[in-house]
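K.L.:
After the structure tokens below, expect a handful of questions from me.
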Amino acid sequence: MAGKPNDEILHDHNHDGVDRRGFLKCMAWAGTGAFCVMQGGVLKSYSLSAIAGLTEKQKKGELSFVQISDSHMGFNKPANTDVAATLKAAIDKINALPTAPGFILHTGDITHLSKPEEFDGVDQLLKSASAKDVFYVPGEHDVLGDDGKQYLERYGKAAKGAGWYSFDQKGVHFIGLVNVMNLKAGGLGNLGNEQLEWMESDVKHLSKSTPIVVFAHIPLWSVYPEWGWGTDDSAQALSYLKRFGSVTVLNGHIHQTMQKVEGNITFHTAASTAFPQPKPGSAPSPGPMKVPAEQLRSLLGIRDVNYLPGKHALAVIDSNLE
Amino acid sequence: MKGSIYRLGIAGLVIVALMMAGRAKGSGAGATEEKPATEIKIDNFSFSPNTVTVPVGSTVRWTNHDDVPHNVVNDDKSFKSKTMDTDENFSYTFTKPGTYTYFCSIHPKMTGKVVVQ
């Protein structure tokens, strides 16, 4: 980073500091607008107002993509009776980015009830996005009633199993995982042995300097198991990635931004484009948060991700829909 | 004119006969159908009451009061509801004694139990 902007937030204070295992943990909440860069396993977070102080080169990565999540098309209750309008606002935000993203990742819960017209509505709106390629993983709301058959027909024709796949973009290896199928009573998100075996062989041939981006709907780290915000067998999946220098995990599901660094892995959850959910344990249940209309868009958002080759880091910028 | 009155009469007789048949069934083998269902509320991502104990032949009805969809799936797959959106419900009649554990397969942290005696 060139210089040190005044409002740099170094997440090394007290309870967020290095714990006994030597992991640096970092969390930021929805609406704060954070810009994070991981360098040598250390996450540095800058508030959005500090971005003006960064050079053009720092802002303009060679690889640029956007993550959106939890558009819940079909949801029509407070605090958002028009989720199409907020998805449209997210697309406008994407189209206004200084660097046009190469593609979009949608980390699931595309729809609210897996209805064909809900999928169609999202497809239709995304046609107006500057980035034409959209890579999806399903959320539990996208596989209701048919074990994901419709989802696979629409988005997973080239995918394996329940819809997992990988691809490469400008030297970065992307892995899309499905952790919303065959959920067990009392359990969390689930990847399953077939997918884990596929993933192990998928990364085997890669050099350890290859930057890895893993994306899936339910968080692949234990955010708040009491609310089902975690994945039972994620540790197994992450063990295949230990030898890599840079691993970025992008999730949705919890409708709020959160970050954490554990060794070589940086975890991020994204805001929803539809409605916010409460902070872990702050409400009786993780149901939709009802907020005043004028606050809604400050709690929804998009995520812009840039990768500078040789920098060993992915820069992540979360911004809300205001 | 006369013919249509006759037909009405026949129709009336058929309706009365059907009603009587229905009543006969109600007071006999199908008596349990008249008992109100045992209600389980789905609220704040939980089943309430979490455990219910009912006699054989009872109907249990789950109603979703949350703003998000839920379902009810028996761990042994002996019953499974469709996805219930807000205010939708699902009923199941238990004809065999036993302990039936179930969960919401969309939010698997949600679990409950029906004991049929």
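Going through the structure tokens in order, the chains are called A, B, and so on, while each chain numbers its residues from 1 and the ligands are numbered from 1 in the order shown.
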Please find the residues of chain A near chain B - the criterion being any atom within 8 Å, counting only C-alpha atoms - and write them as number ranges by chain.
P.N.:
A: 77, 113, 140-141, 144-145, 182-188, 226-228, 284-288
K.L.:
Write out the residues from the selection above, keeping N, CA and C atoms, as a PDB file, in the first residue's frame.
P.N.:
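Output contents, as saved in result.pdb:
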```pdb
ATOM      1  N   LYS A  77     -41.949  -9.221   1.459  1.00  0.00           N
ATOM      2  CA  LYS A  77     -42.409  -8.808   2.786  1.00  0.00           C
ATOM      3  C   LYS A  77     -41.489  -7.714   3.338  1.00  0.00           C
ATOM      4  N   LEU A 113     -38.261 -18.876  -3.651  1.00  0.00           N
ATOM      5  CA  LEU A 113     -39.028 -20.128  -3.578  1.00  0.00           C
ATOM      6  C   LEU A 113     -38.779 -21.066  -4.761  1.00  0.00           C
ATOM      7  N   GLU A 140     -29.992 -22.610  -0.573  1.00  0.00           N
ATOM      8  CA  GLU A 140     -31.037 -23.579  -0.226  1.00  0.00           C
ATOM      9  C   GLU A 140     -32.401 -23.158  -0.794  1.00  0.00           C
ATOM     10  N   HIS A 141     -32.574 -21.856  -1.064  1.00  0.00           N
ATOM     11  CA  HIS A 141     -33.841 -21.396  -1.637  1.00  0.00           C
ATOM     12  C   HIS A 141     -33.953 -21.691  -3.139  1.00  0.00           C
ATOM     13  N   LEU A 144     -35.512 -25.833  -3.766  1.00  0.00           N
ATOM     14  CA  LEU A 144     -36.698 -26.252  -3.006  1.00  0.00           C
ATOM     15  C   LEU A 144     -37.581 -27.181  -3.838  1.00  0.00           C
ATOM     16  N   GLY A 145     -37.987 -28.272  -3.219  1.00  0.00           N
ATOM     17  CA  GLY A 145     -39.007 -29.130  -3.813  1.00  0.00           C
ATOM     18  C   GLY A 145     -38.537 -30.098  -4.880  1.00  0.00           C
ATOM     19  N   ASN A 182     -28.792 -32.267   0.553  1.00  0.00           N
ATOM     20  CA  ASN A 182     -28.735 -33.400   1.490  1.00  0.00           C
ATOM     21  C   ASN A 182     -28.389 -32.968   2.906  1.00  0.00           C
ATOM     22  N   LEU A 183     -29.006 -31.904   3.372  1.00  0.00           N
ATOM     23  CA  LEU A 183     -28.721 -31.423   4.722  1.00  0.00           C
ATOM     24  C   LEU A 183     -29.302 -32.406   5.740  1.00  0.00           C
ATOM     25  N   LYS A 184     -28.543 -32.619   6.810  1.00  0.00           N
ATOM     26  CA  LYS A 184     -28.933 -33.608   7.824  1.00  0.00           C
ATOM     27  C   LYS A 184     -29.603 -32.921   9.013  1.00  0.00           C
ATOM     28  N   ALA A 185     -30.564 -33.642   9.629  1.00  0.00           N
ATOM     29  CA  ALA A 185     -31.263 -33.094  10.795  1.00  0.00           C
ATOM     30  C   ALA A 185     -30.272 -32.641  11.851  1.00  0.00           C
ATOM     31  N   GLY A 186     -30.435 -31.408  12.298  1.00  0.00           N
ATOM     32  CA  GLY A 186     -29.568 -30.861  13.337  1.00  0.00           C
ATOM     33  C   GLY A 186     -28.227 -30.363  12.830  1.00  0.00           C
ATOM     34  N   GLY A 187     -27.961 -30.550  11.521  1.00  0.00           N
ATOM     35  CA  GLY A 187     -26.641 -30.239  10.980  1.00  0.00           C
ATOM     36  C   GLY A 187     -26.540 -28.853  10.367  1.00  0.00           C
ATOM     37  N   LEU A 188     -25.379 -28.615   9.747  1.00  0.00           N
ATOM     38  CA  LEU A 188     -25.092 -27.342   9.080  1.00  0.00           C
ATOM     39  C   LEU A 188     -25.060 -27.588   7.568  1.00  0.00           C
ATOM     40  N   GLU A 226     -25.185 -21.997  15.819  1.00  0.00           N
ATOM     41  CA  GLU A 226     -26.530 -22.007  16.438  1.00  0.00           C
ATOM     42  C   GLU A 226     -27.614 -21.639  15.425  1.00  0.00           C
ATOM     43  N   TRP A 227     -27.249 -20.831  14.448  1.00  0.00           N
ATOM     44  CA  TRP A 227     -28.200 -20.438  13.402  1.00  0.00           C
ATOM     45  C   TRP A 227     -27.930 -21.187  12.089  1.00  0.00           C
ATOM     46  N   GLY A 228     -27.112 -22.201  12.166  1.00  0.00           N
ATOM     47  CA  GLY A 228     -26.799 -22.957  10.952  1.00  0.00           C
ATOM     48  C   GLY A 228     -25.824 -22.247  10.031  1.00  0.00           C
ATOM     49  N   PRO A 284     -34.035 -13.246  18.075  1.00  0.00           N
ATOM     50  CA  PRO A 284     -34.486 -14.607  18.399  1.00  0.00           C
ATOM     51  C   PRO A 284     -34.215 -15.614  17.271  1.00  0.00           C
ATOM     52  N   SER A 285     -34.140 -15.130  16.026  1.00  0.00           N
ATOM     53  CA  SER A 285     -33.895 -16.042  14.913  1.00  0.00           C
ATOM     54  C   SER A 285     -33.211 -15.268  13.785  1.00  0.00           C
ATOM     55  N   PRO A 286     -32.640 -16.004  12.812  1.00  0.00           N
ATOM     56  CA  PRO A 286     -31.969 -15.311  11.703  1.00  0.00           C
ATOM     57  C   PRO A 286     -32.927 -14.801  10.626  1.00  0.00           C
ATOM     58  N   GLY A 287     -34.206 -14.713  10.909  1.00  0.00           N
ATOM     59  CA  GLY A 287     -35.183 -14.262   9.914  1.00  0.00           C
ATOM     60  C   GLY A 287     -34.890 -12.857   9.402  1.00  0.00           C
ATOM     61  N   PRO A 288     -35.552 -12.466   8.302  1.00  0.00           N
ATOM     62  CA  PRO A 288     -35.321 -11.148   7.705  1.00  0.00           C
ATOM     63  C   PRO A 288     -35.445 -10.025   8.737  1.00  0.00           C
TER      64      PRO A 288
END
```
K.L.:
DSSP on the backbone: what in stretch 76-169 of chain A comes out alpha helix (DSSP H), as a PyMOL selection string?
P.N.:
chain A and resi 83-95+116-126+149-155
K.L.:
Selection from above, C-alpha atoms, as a compact mmCIF listing (two decimals), in the first residue's frame, can you write it?
P.N.:
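Output contents, as saved in result.txt:
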```txt
# COMPACT_ATOMS: atom_id res chain seq x y z
CA VAL A 83 -36.46 -7.06 -4.36
CA ALA A 84 -36.36 -6.56 -8.13
CA ALA A 85 -35.76 -2.84 -7.57
CA THR A 86 -32.87 -3.43 -5.17
CA LEU A 87 -31.32 -6.01 -7.52
CA LYS A 88 -31.63 -3.39 -10.25
CA ALA A 89 -29.89 -0.89 -7.95
CA ALA A 90 -27.09 -3.43 -7.40
CA ILE A 91 -26.69 -3.83 -11.16
CA ASP A 92 -26.59 -0.05 -11.60
CA LYS A 93 -23.84 0.02 -8.98
CA ILE A 94 -21.92 -2.67 -10.87
CA ASN A 95 -22.31 -0.77 -14.14
CA PRO A 116 -39.42 -20.58 -12.63
CA GLU A 117 -40.64 -16.98 -12.89
CA GLU A 118 -38.30 -15.98 -10.05
CA PHE A 119 -35.26 -17.44 -11.86
CA ASP A 120 -36.48 -15.77 -15.07
CA GLY A 121 -36.78 -12.41 -13.28
CA VAL A 122 -33.15 -12.50 -12.11
CA ASP A 123 -31.89 -13.66 -15.52
CA GLN A 124 -33.79 -10.83 -17.17
CA LEU A 125 -32.42 -8.14 -14.83
CA LEU A 126 -28.83 -9.40 -15.07
CA LYS A 149 -33.17 -30.27 -10.70
CA GLN A 150 -34.37 -26.95 -12.11
CA TYR A 151 -31.25 -25.14 -10.88
CA LEU A 152 -29.02 -27.69 -12.65
CA GLU A 153 -31.01 -27.42 -15.87
CA ARG A 154 -30.64 -23.66 -15.86
CA TYR A 155 -27.10 -23.10 -14.58
```
K.L.:
Taking 5 positions as the minimum chain separation for residues in the same chain, which residues sit within 6 Å of stretch 244-247 of chain A when counting only C-alpha atoms? Answer as a count of residues only.
P.N.:
7
K.L.:
Give me, please, the distance in Å between atom CA of A:Ile254 and atom CA of A:Gly189, quoted to one decimal.
P.N.:
12.5 Å
K.L.:
Which residues are near A:Gln295? Cut-off 12 Å, only C-alpha atoms, ignore same chain within fewer than 2 positions. Put them as a ChimeraX atom specification.
P.N.:
/A:30-31,79-80,275-276,289-293,297-300,320-322
K.L.:
DSSP on the backbone, then: every residue of stretch 43-97 of chain B marked strand (DSSP E or B), written as a ChimeraX atom specification.
P.N.:
/B:43,46-48,51-54,59-64,70,73-74,80,84,89-93
K.L.:
Which residues are near B:Asn64? Cut-off 6 Å, only C-alpha atoms, ignore same chain within fewer than 4 positions. Put them as a ChimeraX atom specification.
P.N.:
/B:42,86-88
K.L.:
Can you pull out every residue within 8 Å of stretch 60-63 of chain B, counting only C-alpha atoms, but drop anything in the same chain fewer than 6 positions away, and send it as a list of chain:residue names?
P.N.:
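Here the qualifying residues turn out to be B:Ala37, B:Thr38, B:Glu39, B:Ile40, B:Lys41, B:Ile42, B:Met84, B:Asp87, B:Glu88, B:Asn89, B:Phe90, B:Ser91, B:Tyr92, B:Thr93, B:Phe94.
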K.L.:
Selected residues, N, CA and C atoms, written as an mmCIF file, in the first residue's frame, please.
P.N.:
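This is the output file again06.cif:
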```
data_model
loop_
_atom_site.group_PDB
_atom_site.id
_atom_site.type_symbol
_atom_site.label_atom_id
_atom_site.label_comp_id
_atom_site.auth_asym_id
_atom_site.auth_seq_id
_atom_site.Cartn_x
_atom_site.Cartn_y
_atom_site.Cartn_z
ATOM 1 N N ALA B 37 -57.049 -31.053 14.688
ATOM 2 C CA ALA B 37 -55.650 -31.452 14.574
ATOM 3 C C ALA B 37 -54.833 -30.850 15.714
ATOM 4 N N THR B 38 -53.784 -31.553 16.092
ATOM 5 C CA THR B 38 -52.823 -30.997 17.051
ATOM 6 C C THR B 38 -51.962 -29.983 16.301
ATOM 7 N N GLU B 39 -51.919 -28.778 16.811
ATOM 8 C CA GLU B 39 -51.259 -27.693 16.077
ATOM 9 C C GLU B 39 -49.805 -27.526 16.513
ATOM 10 N N ILE B 40 -48.927 -27.403 15.536
ATOM 11 C CA ILE B 40 -47.525 -27.041 15.821
ATOM 12 C C ILE B 40 -47.225 -25.763 15.041
ATOM 13 N N LYS B 41 -46.788 -24.768 15.773
ATOM 14 C CA LYS B 41 -46.469 -23.475 15.147
ATOM 15 C C LYS B 41 -45.001 -23.456 14.727
ATOM 16 N N ILE B 42 -44.762 -22.905 13.553
ATOM 17 C CA ILE B 42 -43.381 -22.651 13.149
ATOM 18 C C ILE B 42 -43.173 -21.148 13.270
ATOM 19 N N MET B 84 -43.449 -24.832 2.682
ATOM 20 C CA MET B 84 -44.532 -23.976 3.186
ATOM 21 C C MET B 84 -44.056 -22.534 3.241
ATOM 22 N N ASP B 87 -47.704 -18.557 6.360
ATOM 23 C CA ASP B 87 -49.116 -18.879 6.612
ATOM 24 C C ASP B 87 -49.606 -20.152 5.934
ATOM 25 N N GLU B 88 -48.739 -20.872 5.265
ATOM 26 C CA GLU B 88 -49.160 -22.146 4.679
ATOM 27 C C GLU B 88 -49.003 -23.247 5.725
ATOM 28 N N ASN B 89 -49.753 -24.346 5.540
ATOM 29 C CA ASN B 89 -49.660 -25.412 6.534
ATOM 30 C C ASN B 89 -49.574 -26.783 5.883
ATOM 31 N N PHE B 90 -49.265 -27.752 6.720
ATOM 32 C CA PHE B 90 -49.131 -29.147 6.281
ATOM 33 C C PHE B 90 -49.697 -30.037 7.378
ATOM 34 N N SER B 91 -50.539 -31.013 6.991
ATOM 35 C CA SER B 91 -51.120 -31.937 7.965
ATOM 36 C C SER B 91 -50.690 -33.354 7.661
ATOM 37 N N TYR B 92 -50.509 -34.133 8.710
ATOM 38 C CA TYR B 92 -50.185 -35.543 8.548
ATOM 39 C C TYR B 92 -50.884 -36.329 9.641
ATOM 40 N N THR B 93 -51.516 -37.448 9.254
ATOM 41 C CA THR B 93 -52.217 -38.298 10.220
ATOM 42 C C THR B 93 -51.344 -39.502 10.561
ATOM 43 N N PHE B 94 -51.098 -39.672 11.850
ATOM 44 C CA PHE B 94 -50.217 -40.743 12.313
ATOM 45 C C PHE B 94 -51.046 -41.986 12.624
#
```
K.L.:
So what do you get for atom CA of B:Lys113 versus atom CA of A:Gln277, distance-wise?
P.N.:
27.9 Å
K.L.:
Name the closest residue to B:Pro36 among the candidates B:Thr53, B:Thr95, B:Thr59, B:Ser78; distances are taken between atoms, counting only C-alpha atoms.
P.N.:
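Answer, going by the shortest atom-to-atom distance: B:Thr59.
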K.L.:
Quick one: residues within 10 Å of A:Leu196, only C-alpha atoms counted, chain neighbours fewer than 3 positions away excluded, as a count of residues only?
P.N.:
14
K.L.:
Report, in Å with one decimal, the straight-line distance from atom CA of A:Pro101 to atom CA of A:Val66.
P.N.:
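Computing the Euclidean distance for atom CA of A:Pro101 and atom CA of A:Val66 yields 6.2 Å.
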